[in-house]
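Chemist: Structure: input-v8.pdb, PDB, C-alpha atoms and all ligand atoms.
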```
ATOM      1  CA  MET S   1     113.819   8.612  -2.644
ATOM      2  CA  ASP S   2     112.491  10.413  -5.721
ATOM      3  CA  ARG S   3     113.156  13.804  -4.193
ATOM      4  CA  LEU S   4     116.668  12.777  -3.150
ATOM      5  CA  PHE S   5     117.297  11.209  -6.541
ATOM      6  CA  HIS S   6     116.462  14.398  -8.442
ATOM      7  CA  LYS S   7     118.422  16.534  -6.040
ATOM      8  CA  PHE S   8     121.603  14.503  -5.654
ATOM      9  CA  LEU S   9     122.001  11.703  -8.192
ATOM     10  CA  ARG S  10     122.756  11.263 -11.902
ATOM     11  CA  ALA S  11     119.783   9.966 -13.861
ATOM     12  CA  ARG S  12     121.860   7.701 -16.115
ATOM     13  CA  LYS S  13     123.300   5.827 -13.104
ATOM     14  CA  ILE S  14     119.946   4.994 -11.485
ATOM     15  CA  PRO S  15     118.678   2.354 -11.008
ATOM     16  CA  SER S  16     121.944   0.702 -10.148
ATOM     17  CA  THR S  17     122.809  -2.840 -11.179
ATOM     18  CA  ALA S  18     122.494  -4.136  -7.609
ATOM     19  CA  CYS S  19     120.499  -7.347  -7.174
ATOM     20  CA  SER S  20     116.835  -6.801  -6.470
ATOM     21  CA  GLY S  21     116.379  -6.633  -2.703
ATOM     22  CA  CYS S  22     119.986  -5.649  -1.927
ATOM     23  CA  GLY S  23     120.300  -3.405   1.141
ATOM     24  CA  LEU S  24     122.974  -1.204  -0.382
ATOM     25  CA  GLY S  25     120.433   1.373  -1.545
ATOM     26  CA  GLN S  26     119.326   1.863   2.059
ATOM     27  CA  VAL S  27     122.858   2.888   3.017
ATOM     28  CA  HIS S  28     123.165   5.264   0.068
ATOM     29  CA  LYS S  29     119.855   6.862   0.985
ATOM     30  CA  ARG S  30     120.921   7.455   4.598
ATOM     31  CA  VAL S  31     123.974   9.383   3.412
ATOM     32  CA  LEU S  32     121.861  11.528   1.078
ATOM     33  CA  LEU S  33     119.447  12.291   3.920
ATOM     34  CA  ALA S  34     122.335  13.394   6.121
ATOM     35  CA  LEU S  35     123.701  15.660   3.375
ATOM     36  CA  GLU S  36     120.246  17.150   2.952
ATOM     37  CA  ARG S  37     120.009  17.769   6.702
ATOM     38  CA  LEU S  38     123.233  19.759   6.487
ATOM     39  CA  ASP S  39     122.018  21.615   3.413
ATOM     40  CA  LEU S  40     124.932  20.281   1.374
ATOM     41  CA  GLY S  41     124.556  19.823  -2.377
ATOM     42  CA  PRO S  42     126.495  18.474  -5.359
ATOM     43  CA  ASP S  43     128.867  21.469  -5.365
ATOM     44  CA  ASP S  44     129.828  20.928  -1.740
ATOM     45  CA  VAL S  45     130.923  17.297  -1.825
ATOM     46  CA  VAL S  46     133.484  15.178  -3.668
ATOM     47  CA  TRP S  47     132.479  11.518  -3.542
ATOM     48  CA  GLY S  48     134.959   8.668  -3.840
ATOM     49  CA  THR S  49     134.255   4.959  -4.151
ATOM     50  CA  GLY S  50     136.122   1.710  -3.786
ATOM     51  CA  ILE S  51     135.426  -1.536  -5.641
ATOM     52  CA  GLY S  52     133.152  -4.544  -5.133
ATOM     53  CA  CYS S  53     129.400  -4.231  -4.686
ATOM     54  CA  ALA S  54     129.651  -1.062  -2.569
ATOM     55  CA  GLY S  55     131.928   0.720  -5.009
ATOM     56  CA  ARG S  56     130.276  -0.443  -8.209
ATOM     57  CA  GLN S  57     126.738   0.431  -7.175
ATOM     58  CA  THR S  58     127.603   3.898  -5.899
ATOM     59  CA  PHE S  59     130.320   4.906  -8.396
ATOM     60  CA  ASN S  60     129.523   8.117 -10.240
ATOM     61  CA  THR S  61     125.960   8.224  -8.911
ATOM     62  CA  TRP S  62     126.681  11.535  -7.162
ATOM     63  CA  ARG S  63     125.646  14.514  -9.281
ATOM     64  CA  GLY S  64     128.786  16.420  -8.251
ATOM     65  CA  ASP S  65     132.461  15.421  -8.529
ATOM     66  CA  ASN S  66     133.329  11.730  -8.217
ATOM     67  CA  PHE S  67     136.421   9.580  -8.256
ATOM     68  CA  ALA S  68     137.125   5.871  -7.936
ATOM     69  CA  GLY S  69     140.046   4.366  -6.096
ATOM     70  CA  THR S  70     141.821   1.102  -6.699
ATOM     71  CA  HIS S  71     141.120  -1.612  -4.145
ATOM     72  CA  GLY S  72     141.742  -0.253  -0.651
ATOM     73  CA  ARG S  73     143.403   2.952  -1.871
ATOM     74  CA  VAL S  74     140.523   5.397  -2.030
ATOM     75  CA  TYR S  75     141.569   6.869   1.363
ATOM     76  CA  ALA S  76     145.080   7.645   0.154
ATOM     77  CA  ILE S  77     143.668   9.504  -2.853
ATOM     78  CA  ALA S  78     141.258  11.341  -0.573
ATOM     79  CA  ALA S  79     144.111  12.406   1.738
ATOM     80  CA  GLY S  80     145.841  14.121  -1.184
ATOM     81  CA  LEU S  81     142.582  15.687  -2.300
ATOM     82  CA  ARG S  82     141.958  16.946   1.213
ATOM     83  CA  VAL S  83     145.096  19.082   1.075
ATOM     84  CA  ALA S  84     144.349  20.292  -2.461
ATOM     85  CA  LEU S  85     140.660  21.098  -2.000
ATOM     86  CA  GLY S  86     140.700  23.203   1.125
ATOM     87  CA  PRO S  87     138.199  22.894   3.951
ATOM     88  CA  GLY S  88     135.193  24.169   1.970
ATOM     89  CA  LYS S  89     134.532  20.796   0.318
ATOM     90  CA  LYS S  90     133.386  17.657   2.088
ATOM     91  CA  ILE S  91     134.869  14.337   1.066
ATOM     92  CA  VAL S  92     132.574  11.321   1.311
ATOM     93  CA  LEU S  93     133.874   7.835   0.548
ATOM     94  CA  THR S  94     131.825   4.677   0.078
ATOM     95  CA  ALA S  95     133.762   1.451   0.472
ATOM     96  CA  GLY S  96     132.980  -2.168   1.198
ATOM     97  CA  ASP S  97     134.236  -4.291   4.070
ATOM     98  CA  GLY S  98     137.164  -5.721   2.098
ATOM     99  CA  ASP S  99     138.091  -2.307   0.774
ATOM    100  CA  ALA S 100     137.982  -0.772   4.242
ATOM    101  CA  PHE S 101     138.947  -3.451   6.757
ATOM    102  CA  GLY S 102     140.806  -5.958   4.551
ATOM    103  CA  ILE S 103     143.237  -4.753   1.917
ATOM    104  CA  GLY S 104     142.596  -1.101   2.691
ATOM    105  CA  LEU S 105     143.023  -1.210   6.450
ATOM    106  CA  LYS S 106     146.559   0.179   6.507
ATOM    107  CA  HIS S 107     145.543   3.208   4.432
ATOM    108  CA  LEU S 108     142.484   3.653   6.602
ATOM    109  CA  LEU S 109     144.553   3.535   9.804
ATOM    110  CA  ASN S 110     146.984   6.110   8.482
ATOM    111  CA  CYS S 111     144.133   8.487   7.620
ATOM    112  CA  ALA S 112     142.793   7.992  11.152
ATOM    113  CA  ARG S 113     146.286   8.550  12.594
ATOM    114  CA  ARG S 114     146.587  11.831  10.711
ATOM    115  CA  ASN S 115     142.947  12.746  11.427
ATOM    116  CA  VAL S 116     142.342  13.586   7.765
ATOM    117  CA  ASP S 117     138.958  15.256   7.314
ATOM    118  CA  MET S 118     136.858  12.711   5.419
ATOM    119  CA  THR S 119     133.676  10.729   6.033
ATOM    120  CA  VAL S 120     134.106   7.056   5.267
ATOM    121  CA  VAL S 121     130.882   5.094   4.823
ATOM    122  CA  VAL S 122     131.620   1.383   5.043
ATOM    123  CA  ALA S 123     128.848  -0.613   3.380
ATOM    124  CA  ASP S 124     129.513  -4.083   4.775
ATOM    125  CA  ASN S 125     127.861  -7.120   3.186
ATOM    126  CA  LEU S 126     129.800  -9.507   5.427
ATOM    127  CA  GLY S 127     132.076 -10.993   2.802
ATOM    128  CA  TYR S 128     133.230 -10.917  -0.808
ATOM    129  CA  GLN S 129     129.820 -10.978  -2.431
ATOM    130  CA  SER S 130     130.596  -9.367  -5.789
ATOM    131  CA  THR S 131     132.920 -12.289  -6.591
ATOM    132  CA  GLY S 132     130.418 -14.970  -5.665
ATOM    133  CA  GLY S 133     130.143 -15.054  -1.861
ATOM    134  CA  GLN S 134     133.528 -15.914  -0.371
ATOM    135  CA  PHE S 135     134.185 -15.214   3.315
ATOM    136  CA  GLY S 136     135.902 -11.938   4.112
ATOM    137  CA  ILE S 137     137.336  -9.999   7.000
ATOM    138  CA  THR S 138     133.976  -9.355   8.736
ATOM    139  CA  THR S 139     132.227 -12.648   7.970
ATOM    140  CA  PRO S 140     131.031 -14.101  11.279
ATOM    141  CA  ARG S 141     132.740 -17.211  12.551
ATOM    142  CA  GLY S 142     130.751 -20.308  11.733
ATOM    143  CA  SER S 143     129.363 -18.942   8.464
ATOM    144  CA  VAL S 144     128.914 -21.310   5.569
ATOM    145  CA  THR S 145     130.051 -19.506   2.423
ATOM    146  CA  ASP S 146     131.355 -20.389  -1.022
ATOM    147  CA  SER S 147     134.885 -20.635   0.399
ATOM    148  CA  SER S 148     133.982 -22.058   3.830
ATOM    149  CA  PRO S 149     131.575 -24.913   3.063
ATOM    150  CA  TYR S 150     131.969 -26.437   6.543
ATOM    151  CA  GLY S 151     131.663 -23.132   8.361
ATOM    152  CA  LEU S 152     134.252 -20.400   8.835
ATOM    153  CA  ASN S 153     136.799 -21.381  11.442
ATOM    154  CA  GLU S 154     138.749 -18.184  12.051
ATOM    155  CA  PRO S 155     138.040 -14.886  13.793
ATOM    156  CA  GLY S 156     137.235 -11.811  11.758
ATOM    157  CA  TRP S 157     137.381  -8.159  12.722
ATOM    158  CA  LEU S 158     133.925  -8.326  14.309
ATOM    159  CA  GLY S 159     133.994 -11.104  16.841
ATOM    160  CA  GLY S 160     135.915 -13.244  19.257
ATOM    161  CA  GLY S 161     136.941 -10.186  21.254
ATOM    162  CA  LEU S 162     138.034  -8.251  18.163
ATOM    163  CA  ASP S 163     136.437  -5.091  16.843
ATOM    164  CA  VAL S 164     137.943  -3.116  14.005
ATOM    165  CA  LEU S 165     136.368   0.085  15.348
ATOM    166  CA  GLU S 166     138.488  -0.285  18.480
ATOM    167  CA  ILE S 167     141.594  -0.411  16.294
ATOM    168  CA  LEU S 168     140.492   2.710  14.429
ATOM    169  CA  LYS S 169     139.810   4.474  17.708
ATOM    170  CA  ALA S 170     143.298   3.609  18.937
ATOM    171  CA  ALA S 171     144.707   4.876  15.648
ATOM    172  CA  GLY S 172     143.204   8.318  16.280
ATOM    173  CA  ALA S 173     139.849   8.407  14.483
ATOM    174  CA  THR S 174     137.726  11.228  15.899
ATOM    175  CA  TYR S 175     134.235   9.926  15.112
ATOM    176  CA  LEU S 176     133.085   6.308  14.747
ATOM    177  CA  ALA S 177     129.613   4.748  14.562
ATOM    178  CA  ARG S 178     128.007   1.443  13.611
ATOM    179  CA  HIS S 179     124.535   0.712  12.253
ATOM    180  CA  LEU S 180     122.400  -1.742  10.387
ATOM    181  CA  SER S 181     121.093  -0.432   7.082
ATOM    182  CA  LEU S 182     117.584  -0.552   8.520
ATOM    183  CA  ASP S 183     118.447   2.050  11.166
ATOM    184  CA  GLY S 184     116.665   5.196  10.032
ATOM    185  CA  ALA S 185     116.867   8.422  12.025
ATOM    186  CA  SER S 186     119.624   7.170  14.335
ATOM    187  CA  SER S 187     121.956   6.343  11.442
ATOM    188  CA  VAL S 188     121.252   9.667   9.728
ATOM    189  CA  GLU S 189     122.107  11.346  13.036
ATOM    190  CA  SER S 190     125.431   9.484  13.149
ATOM    191  CA  LEU S 191     126.169  10.481   9.564
ATOM    192  CA  VAL S 192     125.409  14.130  10.330
ATOM    193  CA  MET S 193     127.900  14.025  13.229
ATOM    194  CA  ALA S 194     130.441  12.327  10.968
ATOM    195  CA  LEU S 195     130.035  14.916   8.226
ATOM    196  CA  GLU S 196     130.272  17.795  10.690
ATOM    197  CA  ASN S 197     133.445  16.450  12.258
ATOM    198  CA  PRO S 198     136.518  18.333  10.997
ATOM    199  CA  GLY S 199     138.567  15.155  11.039
ATOM    200  CA  PHE S 200     138.482  11.442  10.268
ATOM    201  CA  SER S 201     135.003   9.909  10.604
ATOM    202  CA  LEU S 202     133.759   6.450   9.765
ATOM    203  CA  VAL S 203     130.238   5.037   9.876
ATOM    204  CA  HIS S 204     130.038   1.272   9.538
ATOM    205  CA  PHE S 205     126.788  -0.080   8.052
ATOM    206  CA  ILE S 206     125.995  -3.775   7.873
ATOM    207  CA  TYR S 207     123.471  -4.437   5.122
ATOM    208  CA  PRO S 208     121.782  -7.535   3.702
ATOM    209  CA  CYS S 209     123.216  -9.246   0.632
ATOM    210  CA  VAL S 210     120.225 -11.228  -0.538
ATOM    211  CA  THR S 211     122.071 -13.170  -3.221
ATOM    212  CA  HIS S 212     124.972 -14.680  -1.277
ATOM    213  CA  PHE S 213     125.135 -14.055   2.495
ATOM    214  CA  GLY S 214     121.361 -14.140   2.765
ATOM    215  CA  ALA S 215     120.633 -17.040   0.446
ATOM    216  CA  VAL S 216     123.662 -19.217   1.240
ATOM    217  CA  THR S 217     124.605 -18.429   4.836
ATOM    218  CA  LEU S 218     121.241 -17.540   6.338
ATOM    219  CA  GLY S 219     119.103 -19.581   3.927
ATOM    220  CA  GLU S 220     116.919 -16.559   3.253
ATOM    221  CA  ARG S 221     116.635 -14.221   0.253
ATOM    222  CA  ASP S 222     113.977 -11.891   1.587
ATOM    223  CA  LYS S 223     115.540  -8.577   2.614
ATOM    224  CA  GLY S 224     112.993  -7.908   5.321
ATOM    225  CA  LYS S 225     113.548 -11.308   6.887
ATOM    226  CA  ILE S 226     117.336 -10.962   6.668
ATOM    227  CA  LEU S 227     117.135  -7.567   8.334
ATOM    228  CA  GLY S 228     114.849  -9.087  10.953
ATOM    229  CA  SER S 229     117.543 -11.688  11.646
ATOM    230  CA  PHE S 230     120.192  -8.977  11.847
ATOM    231  CA  ARG S 231     118.064  -6.946  14.237
ATOM    232  CA  ALA S 232     117.551  -9.939  16.477
ATOM    233  CA  MET S 233     121.250 -10.733  16.387
ATOM    234  CA  PHE S 234     122.391  -7.221  17.263
ATOM    235  CA  ALA S 235     121.953  -5.722  20.666
ATOM    236  CA  GLY S 236     119.586  -2.766  20.780
ATOM    237  CA  GLY S 237     120.490   0.865  20.250
ATOM    238  CA  GLY S 238     122.505   2.823  22.718
ATOM    239  CA  LYS S 239     125.960   4.157  22.957
ATOM    240  CA  GLY S 240     127.918   1.030  22.112
ATOM    241  CA  GLY S 241     131.588   0.973  22.946
ATOM    242  CA  PRO S 242     133.981  -1.587  24.263
ATOM    243  CA  THR S 243     132.550  -2.035  27.719
ATOM    244  CA  ASP S 244     129.093  -3.138  26.680
ATOM    245  CA  ARG S 245     129.846  -5.460  23.823
ATOM    246  CA  ASP S 246     130.079  -8.574  25.944
ATOM    247  CA  ASP S 247     127.066 -10.814  25.434
ATOM    248  CA  GLY S 248     127.697 -12.700  28.660
ATOM    249  CA  ARG S 249     127.194 -16.132  27.139
ATOM    250  CA  GLY S 250     130.348 -17.740  28.440
ATOM    251  CA  GLY S 251     133.454 -18.871  26.598
ATOM    252  CA  GLU S 252     137.140 -18.259  27.107
ATOM    253  CA  THR S 253     138.188 -14.816  28.268
ATOM    254  CA  ASP S 254     140.945 -12.997  26.435
ATOM    255  CA  GLY S 255     143.431 -10.586  28.001
ATOM    256  CA  GLY S 256     140.928  -7.742  27.798
ATOM    257  CA  GLY S 257     138.225  -9.627  29.676
ATOM    258  CA  ARG S 258     136.220 -10.263  26.513
ATOM    259  CA  LYS S 259     134.900 -13.679  25.672
ATOM    260  CA  ASP S 260     135.821 -15.790  22.676
ATOM    261  CA  PRO S 261     133.546 -18.791  22.182
ATOM    262  CA  GLY S 262     136.064 -20.480  19.894
ATOM    263  CA  PRO S 263     135.182 -22.384  16.745
ATOM    264  CA  GLN S 264     131.519 -23.225  16.326
ATOM    265  CA  ALA S 265     131.639 -25.650  13.431
ATOM    266  CA  GLY S 266     128.286 -26.068  11.820
ATOM    267  CA  SER S 267     126.469 -23.820  14.259
ATOM    268  CA  GLY S 268     126.064 -20.931  11.825
ATOM    269  CA  PRO S 269     126.787 -17.284  12.418
ATOM    270  CA  VAL S 270     123.908 -16.467  14.723
ATOM    271  CA  SER S 271     124.760 -18.638  17.676
ATOM    272  CA  GLY S 272     128.450 -18.889  16.944
ATOM    273  CA  ASP S 273     129.831 -15.389  17.119
ATOM    274  CA  PRO S 274     129.316 -12.505  19.521
ATOM    275  CA  ALA S 275     130.057 -10.161  16.614
ATOM    276  CA  PHE S 276     126.343  -9.919  16.182
ATOM    277  CA  ARG S 277     125.851  -8.617  19.675
ATOM    278  CA  LEU S 278     127.684  -5.405  18.867
ATOM    279  CA  LYS S 279     125.788  -2.250  19.743
ATOM    280  CA  ARG S 280     124.458   0.194  17.218
ATOM    281  CA  GLY S 281     125.010   3.945  17.348
ATOM    282  CA  THR S 282     127.970   6.173  18.115
ATOM    283  CA  TYR S 283     131.010   4.118  19.095
ATOM    284  CA  HIS S 284     133.492   6.909  19.707
ATOM    285  CA  ASP S 285     133.053  10.660  19.713
ATOM    286  CA  GLY S 286     136.309  12.588  19.822
ATOM    287  CA  ARG S 287     135.230  15.441  17.590
ATOM    288  CA  GLY S 288     137.408  18.492  17.943
ATOM    289  CA  LEU S 289     139.927  16.753  20.199
ATOM    290  CA  ARG S 290     142.741  16.441  17.645
ATOM    291  CA  PRO S 291     144.052  18.816  14.958
ATOM    292  CA  GLU S 292     142.932  18.079  11.422
ATOM    293  CA  PHE S 293     145.712  16.929   9.110
ATOM    294  CA  ALA S 294     145.389  19.222   6.091
ATOM    295  CA  ALA S 295     144.755  22.380   8.104
ATOM    296  CA  SER S 296     147.762  21.782  10.343
ATOM    297  CA  LEU S 297     149.967  20.792   7.376
ATOM    298  CA  ILE S 298     149.045  23.970   5.491
ATOM    299  CA  ALA S 299     149.687  26.146   8.557
ATOM    300  CA  TRP S 300     152.992  24.400   9.236
ATOM    301  CA  THR S 301     154.095  24.808   5.599
ATOM    302  CA  LYS S 302     153.259  28.503   5.730
ATOM    303  CA  ASN S 303     155.381  28.860   8.861
ATOM    304  CA  VAL S 304     158.293  27.082   7.227
ATOM    305  CA  ARG S 305     158.045  29.283   4.131
ATOM    306  CA  GLU S 306     158.037  32.400   6.240
ATOM    307  CA  GLY S 307     161.079  31.197   8.160
ATOM    308  CA  ALA S 308     159.215  30.801  11.426
ATOM    309  CA  GLY S 309     159.812  27.063  11.524
ATOM    310  CA  ARG S 310     163.620  27.289  11.807
TER     311      ARG S 310
HETATM  312  S1  LIG R   1     125.779  -9.638  -4.610
HETATM  313 FE1  LIG R   1     124.787  -9.141  -2.636
HETATM  314  S2  LIG R   1     125.738  -7.206  -1.944
HETATM  315 FE2  LIG R   1     126.186  -7.451  -4.142
HETATM  316  S3  LIG R   1     124.589  -6.300  -5.220
HETATM  317 FE3  LIG R   1     123.877  -8.472  -5.056
HETATM  318  S4  LIG R   1     122.664  -8.560  -3.126
HETATM  319 FE4  LIG R   1     123.890  -6.648  -3.083
END
```
Will you turn the file into C-alpha cells for me?
Ligand code: SF4

Modeler:
Amino acid sequence: MDRLFHKFLRARKIPSTACSGCGLGQVHKRVLLALERLDLGPDDVVWGTGIGCAGRQTFNTWRGDNFAGTHGRVYAIAAGLRVALGPGKKIVLTAGDGDAFGIGLKHLLNCARRNVDMTVVVADNLGYQSTGGQFGITTPRGSVTDSSPYGLNEPGWLGGGLDVLEILKAAGATYLARHLSLDGASSVESLVMALENPGFSLVHFIYPCVTHFGAVTLGERDKGKILGSFRAMFAGGGKGGPTDRDDGRGGETDGGGRKDPGPQAGSGPVSGDPAFRLKRGTYHDGRGLRPEFAASLIAWTKNVREGAGR
C-alpha cells in the first residue's frame, strides 16, 4: 500500500479515521490498483464521495481533484461534471449502501438510464454503521442491529428474491459487478472493466464493519473471521447473474421463480437470508451497447446549433 499511497493519496488524509480492522481500506486499495493497471494518475481522475463511513474515510484522500456530494446526490453532481469535463477525465465515486441504494437510488437509476460515464464504487457495510449500527437497505433479514433488537423482519435490496443490481441492469447500466472486499485480483479485474467502460458502471463491494455489524450482528470483531464468515455465506466466484442466485433451500417462490424464505426471527443473517448466496464477479456486461450520455448530448447540441436538428 505504501507505493500506492505515495502515488495516489494525500499524506495529510492518511491514515483515515476508520476503526481499526475496518474493511473499507481494502476497497479503496482495490480501486487504486485498478487505476494503476490502467496507468491513470491524479490528473486523469476526479473523485467524488458520499457521506457515512464510506464517504468520510475516502473524502479528499485522492491526490487529484475531489468533491463531496450531499447524501445520495453525488451522482447528480457527477452527471453535470461529466458534460463539463469532456471524455478525457474519469469520474470515480465512492458511496456507501445508504448513499447508493437507499436515499440515492433514484439519482443512481437516472444515471444508469442515461448511461452517464462514471464508475460508482459502492462500499457496503450492510447498514448505517457511522450512526451507531442501525439496519439499512442491504442489511440481511434476521439481523440483530441497534434498531432491530429482535432481528430484522423486512426484505432489503439483497435478499428474498430482490437484488438491486437487477434493478440497475433494467435501468440501463452497462457494467455491474459484485465482490467481497477480500476479493483480490478478480475485483481489480472488475474495476478495470468498469473504468474502461464508456458509460455507467457500478462495482458493489461488501466489506466488514468490525465495530457494529461484526460485533453486534455476527458477534465477532476480528476482520479475518468476519471475512471468513462472509466467504462462507457467499457462493463462490463465477459469472453471477439472476439465473444462478437461487440457493435451492426451499421457501415460497415469487413470480420470478425465486425463493423467499420469509421472516426468520432470531435465526440471524446467515441462515435467514439468501442474500448471502449471491455470486461474486461480473453481474452484467453491456459495455459499448448503449450511447454514452454526455457524448450524445454534446453531439446533439452541436446539431441543433448548426440547424441540423430542425
Ligand atoms: S463503524 Fe464500521 S464501517 Fe464505519 S469505520 Fe468503523 S468499522 Fe468501518

Chemist: Write out, as a tab-separated table, each residue of chain S that has an atom at most 6 Å from ligand LIG 1 (chain R), together with the closest pair of atoms and their distance in Å to one decimal, counting only C-alpha atoms and all ligand atoms, rows going by chain and rising number.

Modeler:
```
residue	atom	partner	partner_atom	distance
S:Ala18	CA	R:LIG1	S3	3.8
S:Cys19	CA	R:LIG1	FE3	4.1
S:Cys22	CA	R:LIG1	S4	4.1
S:Cys53	CA	R:LIG1	FE2	4.6
S:Asn125	CA	R:LIG1	S2	5.6
S:Gln129	CA	R:LIG1	S1	4.8
S:Ser130	CA	R:LIG1	S1	5.0
S:Cys209	CA	R:LIG1	FE1	3.6
S:Val210	CA	R:LIG1	S4	4.4
S:Thr211	CA	R:LIG1	S4	4.6
S:His212	CA	R:LIG1	FE1	5.7
```

Chemist: Grab the residues selected above and save them as a compact mmCIF listing (two decimals), in the frame of the given file with C-alpha atoms.

Modeler:
```txt
# COMPACT_ATOMS: atom_id res chain seq x y z
CA ALA S 18 122.49 -4.14 -7.61
CA CYS S 19 120.50 -7.35 -7.17
CA CYS S 22 119.99 -5.65 -1.93
CA CYS S 53 129.40 -4.23 -4.69
CA ASN S 125 127.86 -7.12 3.19
CA GLN S 129 129.82 -10.98 -2.43
CA SER S 130 130.60 -9.37 -5.79
CA CYS S 209 123.22 -9.25 0.63
CA VAL S 210 120.22 -11.23 -0.54
CA THR S 211 122.07 -13.17 -3.22
CA HIS S 212 124.97 -14.68 -1.28
```

Chemist: Using atom CA of Gly21 of chain S and atom CA of Lys7 of chain S as the two end points, give the distance in Å to one decimal.

Modeler: 23.5 Å

Chemist: Report as CSV the residues of segment 96-145 of chain S within 7 Å of segment 155-158 of chain S, each with its shortest atom pair and distance in Å (one decimal), using only C-alpha atoms, ordered by chain and increasing residue number.

Modeler:
```
residue,atom,partner,partner_atom,distance
S:Ile137,CA,S:Gly156,CA,5.1
S:Thr138,CA,S:Gly156,CA,5.1
S:Thr139,CA,S:Gly156,CA,6.3
S:Pro140,CA,S:Gly156,CA,6.6
S:Arg141,CA,S:Pro155,CA,5.9
```

Chemist: Those same residues - C-alpha atoms - I'd like them written as a short mmCIF file (atom, residue, chain, number, x, y, z; two decimals), keeping the file's coordinate frame.

Modeler:
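Full text of out.cif as output:
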```cif
data_model
loop_
_atom_site.label_atom_id
_atom_site.label_comp_id
_atom_site.auth_asym_id
_atom_site.auth_seq_id
_atom_site.Cartn_x
_atom_site.Cartn_y
_atom_site.Cartn_z
CA ILE S 137 137.34 -10.00 7.00
CA THR S 138 133.98 -9.36 8.74
CA THR S 139 132.23 -12.65 7.97
CA PRO S 140 131.03 -14.10 11.28
CA ARG S 141 132.74 -17.21 12.55
#
```

Chemist: With distances taken over all atoms listed in the file, which residue among S:Asp99, S:Glu292, S:Glu220, S:Asp117 lies nearest Ala68 of chain S?

Modeler: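 Of all the options, S:Asp99 lies closest to Ala68 of chain S.
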
Chemist: So how many Å separate atom CA of Ala232 of chain S and atom CA of Val203 of chain S, to one decimal?

Modeler: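 Straight-line distance from atom CA of Ala232 of chain S to atom CA of Val203 of chain S works out to 20.7 Å.
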
Chemist: Find the distance between atom CA of Glu36 of chain S and atom CA of Ala95 of chain S and write it in Å to one decimal.

Modeler: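 Interatomic distance, atom CA of Glu36 of chain S to atom CA of Ala95 of chain S: 20.9 Å.
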
Chemist: Taking the file above as input, evaluate the PyMOL selection byres (((chain S and resi 208) around 10) and not hetatm) and report the hits as an mmCIF file with C-alpha atoms, in the coordinates of the input.

Modeler:
```
data_model
loop_
_atom_site.group_PDB
_atom_site.id
_atom_site.type_symbol
_atom_site.label_atom_id
_atom_site.label_comp_id
_atom_site.auth_asym_id
_atom_site.auth_seq_id
_atom_site.Cartn_x
_atom_site.Cartn_y
_atom_site.Cartn_z
ATOM 1 C CA GLY S 21 116.379 -6.633 -2.703
ATOM 2 C CA CYS S 22 119.986 -5.649 -1.927
ATOM 3 C CA GLY S 23 120.300 -3.405 1.141
ATOM 4 C CA LEU S 24 122.974 -1.204 -0.382
ATOM 5 C CA GLN S 26 119.326 1.863 2.059
ATOM 6 C CA ALA S 123 128.848 -0.613 3.380
ATOM 7 C CA ASP S 124 129.513 -4.083 4.775
ATOM 8 C CA ASN S 125 127.861 -7.120 3.186
ATOM 9 C CA LEU S 126 129.800 -9.507 5.427
ATOM 10 C CA LEU S 180 122.400 -1.742 10.387
ATOM 11 C CA SER S 181 121.093 -0.432 7.082
ATOM 12 C CA LEU S 182 117.584 -0.552 8.520
ATOM 13 C CA PHE S 205 126.788 -0.080 8.052
ATOM 14 C CA ILE S 206 125.995 -3.775 7.873
ATOM 15 C CA TYR S 207 123.471 -4.437 5.122
ATOM 16 C CA CYS S 209 123.216 -9.246 0.632
ATOM 17 C CA VAL S 210 120.225 -11.228 -0.538
ATOM 18 C CA THR S 211 122.071 -13.170 -3.221
ATOM 19 C CA HIS S 212 124.972 -14.680 -1.277
ATOM 20 C CA PHE S 213 125.135 -14.055 2.495
ATOM 21 C CA GLY S 214 121.361 -14.140 2.765
ATOM 22 C CA ARG S 221 116.635 -14.221 0.253
ATOM 23 C CA ASP S 222 113.977 -11.891 1.587
ATOM 24 C CA LYS S 223 115.540 -8.577 2.614
ATOM 25 C CA GLY S 224 112.993 -7.908 5.321
ATOM 26 C CA LYS S 225 113.548 -11.308 6.887
ATOM 27 C CA ILE S 226 117.336 -10.962 6.668
ATOM 28 C CA LEU S 227 117.135 -7.567 8.334
ATOM 29 C CA SER S 229 117.543 -11.688 11.646
ATOM 30 C CA PHE S 230 120.192 -8.977 11.847
#
```

Chemist: Measuring atom to atom with all atoms listed in the file, identify which of S:Thr58, S:Thr145, S:Ser190, S:Gln134 is nearest to Ala34 of chain S.

Modeler: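 Of S:Thr58, S:Thr145, S:Ser190, S:Gln134, the one nearest Ala34 of chain S, counting all atoms listed in the file, is S:Ser190.
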
Chemist: So which one's closest to Glu189 of chain S, S:Pro87, S:Gly288, S:Pro149, S:Gly281? Using all atoms listed in the file, please.

Modeler: S:Gly281

Chemist: Could you name the residues that touch Ile167 of chain S at 9 Å or less, counting all atoms listed in the file, but leaving out those on the same chain fewer than 5 positions away, as a PyMOL selection string?

Modeler: chain S and resi 109+162+172

Chemist: Determine the residue set returned by the PyMOL selection byres (((chain S and resi 75) around 7) and not hetatm) for the present structure, and present it as a list in words.

Modeler: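 Applying the PyMOL selection byres (((chain S and resi 75) around 7) and not hetatm) to the structure shown produces Arg73, Val74, Ala76, Ile77, Ala78, Ala79, His107, Leu108 and Cys111 of chain S.
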
Chemist: Between S:Gly286, S:Gly64, S:Gly127, S:Gly228, single out the one closest to Leu176 of chain S, counting only C-alpha atoms.

Modeler: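 The answer is S:Gly286, which sits nearest to Leu176 of chain S.
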
Chemist: Could you tell me which residues the PyMOL selection byres (((chain S and resi 43) around 12) and not hetatm) returns for this structure, as JSON, numbers by chain?

Modeler: {"S": [7, 8, 35, 39, 40, 41, 42, 44, 45, 46, 47, 62, 63, 64, 65, 66, 88, 89, 90, 91]}

Chemist: Quick one: everything within 10 Å of His284 of chain S, counting only C-alpha atoms, minus sequence neighbours fewer than 2 positions away in the same chain. Send it as a PyMOL selection string.

Modeler: chain S and resi 165-166+168-169+173-178+201-202+239-242+281-282+286-287

Chemist: From the list S:Thr131, S:Thr49, S:Thr61, S:Thr119, which residue is nearest Thr94 of chain S when using all atoms listed in the file?

Modeler: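 When distances to Thr94 of chain S are compared using all atoms listed in the file, the smallest one comes from S:Thr49.
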
Chemist: Hey, which of S:Ala54, S:Val188, S:Ala84, S:Leu4 ends up closest to Gly98 of chain S? Count all atoms listed in the file.

Modeler: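 Closest candidate: S:Ala54.
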